[in-house]
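Asker: Right, I'll just put the structure down here and ask away after.
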Amino acid sequence: MMASNLESQGSPKEVSLLVCAATPQELAAFWSDDEVAPISQPTAWGYQGTVAWVCTGVGIPSTFAALYSLLDSLQPSLLLHIGIAGAYPHAGLQIGDIVLAESETYGDIGFELPHPPSFRPIREAPFSHSLYSTPLSLALPDEWVAASWNMNFHVKRGRGCTVNQCTGTLETAQLRRSLFQADFESMEGAAVAQIGHQKGIPVCEIRAISNIASTRDMRPENIRLALAHLRHYLQACRMQKQVDRLS
């Protein structure tokens, strides 16, 4: 549906950056407080100058539906994926931290056994695809590695795990971290990374930690904190880019 709207909106001649997020609230973090975020509803897209944006909706299917044909039309130089995420226990990440993703993997595609450890990843099956055997690497351009300008939170690097069912128990958290050496989880990261790999477009993923992926605890104040830190970090990157351009 999105791609069919390209003609009516008029596709930009050149897109240097496509910013994507699952929800309007996450996508809004790309714009500073004195800018008007151009999106108020899910599953929509647009552009301002050479920067395009898309709200994919939550989950792997929605992400593929929103991004796949849109990338063919826009051909951005970089796909910037932003949002919030849950950190696995003992990953060294705290609520409010920013994590720069080094890789992504699918974390709950597999099969269940009638005995512990119950879940086994699809990579152990004889019919597995190479997509599941090696994490999908991500780009980290210098322009999205901000200097520590007045930040009261940590910025770290980590490995992402993308799931259809968010972690709700300590046992599941420990299993996923052990199986995939992952530091955090989301519901879209590997889908964006896979599409980028298939289209030959580098993907940079930046997330803020909103909860510890264990016993489910999604306090609104923690989500607000994560989104505020995500905006702070992204604005520092954008400001740094402007300074570099002028110097």
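By convention here, the chains of the structure tokens are called A, B, ... in the order presented, each chain's residues are numbered starting at 1, and ligands are numbered starting at 1 in the order presented.
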Give me the residues within 10 Å of Lys156 of chain A as number ranges by chain, counting only C-alpha atoms and dropping any in the same chain fewer than 3 places off.
Answerer: A: 92-93, 97-101, 153
Asker: Keeping N, CA, C and O atoms, export the residues of the selection given above as a tab-separated table (two decimals), in the first residue's frame.
Answerer:
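Contents of again.tsv, freshly written:
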```
chain	number	residue	atom	x	y	z
A	92	GLY	N	24.84	-5.95	30.84
A	92	GLY	CA	25.53	-4.69	31.11
A	92	GLY	C	24.77	-3.47	30.63
A	92	GLY	O	25.36	-2.40	30.47
A	93	LEU	N	23.46	-3.61	30.41
A	93	LEU	CA	22.63	-2.51	29.95
A	93	LEU	C	21.58	-2.18	31.01
A	93	LEU	O	21.01	-3.09	31.61
A	97	ASP	N	19.74	3.41	28.90
A	97	ASP	CA	20.98	3.34	28.12
A	97	ASP	C	20.66	3.33	26.63
A	97	ASP	O	19.61	2.84	26.19
A	98	ILE	N	21.61	3.84	25.84
A	98	ILE	CA	21.54	3.75	24.39
A	98	ILE	C	22.42	2.59	23.96
A	98	ILE	O	23.55	2.45	24.43
A	99	VAL	N	21.90	1.76	23.05
A	99	VAL	CA	22.70	0.65	22.53
A	99	VAL	C	22.79	0.78	21.02
A	99	VAL	O	21.79	0.97	20.32
A	100	LEU	N	24.02	0.73	20.52
A	100	LEU	CA	24.31	0.74	19.09
A	100	LEU	C	24.47	-0.71	18.67
A	100	LEU	O	25.39	-1.40	19.12
A	101	ALA	N	23.58	-1.17	17.81
A	101	ALA	CA	23.55	-2.60	17.48
A	101	ALA	C	24.68	-2.98	16.53
A	101	ALA	O	24.90	-2.32	15.51
A	153	PHE	N	23.53	9.32	30.51
A	153	PHE	CA	23.26	7.90	30.34
A	153	PHE	C	24.42	7.29	29.57
A	153	PHE	O	25.23	7.99	28.97
```
Asker: So which bits of segment 34-157 of chain A end up strand (DSSP E) when you DSSP the backbone, as a compact mmCIF listing (two decimals) with C-alpha atoms, in the first residue's frame?
Answerer:
```txt
# COMPACT_ATOMS: atom_id res chain seq x y z
CA ALA A 44 2.77 5.79 7.03
CA TRP A 45 5.77 7.32 5.26
CA GLY A 46 7.00 10.61 3.87
CA TYR A 47 10.10 12.69 3.29
CA GLN A 48 11.62 16.09 3.95
CA VAL A 51 15.59 12.44 4.45
CA ALA A 52 12.69 9.99 4.22
CA TRP A 53 10.88 8.33 7.10
CA VAL A 54 8.57 5.38 7.56
CA CYS A 55 6.55 4.02 10.48
CA LEU A 78 21.48 4.40 4.61
CA LEU A 79 18.59 2.90 6.56
CA LEU A 80 18.52 4.18 10.16
CA HIS A 81 16.42 1.98 12.43
CA ILE A 82 15.49 3.53 15.79
CA GLY A 83 13.33 2.56 18.74
CA ILE A 84 13.23 1.12 22.24
CA ALA A 85 14.25 -2.38 23.35
CA GLY A 86 14.45 -4.75 26.28
CA ALA A 87 17.88 -5.63 27.69
CA ILE A 98 21.54 3.75 24.39
CA VAL A 99 22.70 0.65 22.53
CA LEU A 100 24.31 0.74 19.09
CA ALA A 101 23.55 -2.60 17.48
CA GLU A 102 26.42 -4.59 16.00
CA SER A 103 24.25 -7.43 14.66
CA GLU A 104 20.76 -8.91 14.66
CA THR A 105 19.40 -12.45 14.69
CA TYR A 106 15.98 -14.15 14.77
CA GLY A 110 12.66 -23.03 15.80
CA PHE A 111 10.97 -25.97 17.46
CA GLU A 112 9.96 -27.09 20.92
CA PHE A 119 13.06 -24.52 22.65
CA ARG A 120 15.76 -25.14 20.04
CA PRO A 121 16.65 -22.67 17.28
CA LEU A 136 23.14 -10.27 10.36
CA SER A 137 25.86 -7.63 10.62
CA VAL A 155 26.07 4.55 25.21
CA LYS A 156 27.14 0.96 24.54
CA ARG A 157 27.33 -1.53 21.70
```
Asker: Got a sec to tell me which of segment 67-177 of chain A DSSP assigns to helix (DSSP H, G or I), as a PyMOL selection string?
Answerer: chain A and resi 67-74+122-124+130-132+142-144+170-177
Asker: Between atom CA of Leu18 of chain A and atom CA of Ser210 of chain A, what is the distance, to one decimal in Å?
Answerer: 23.6 Å
Asker: With distances taken over only C-alpha atoms, which of A:Ser118, A:Thr50, A:Gln75, A:Thr162 is nearest to Pro135 of chain A?
Answerer: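 Ranking A:Ser118, A:Thr50, A:Gln75, A:Thr162 by distance to Pro135 of chain A, first place goes to A:Thr162.
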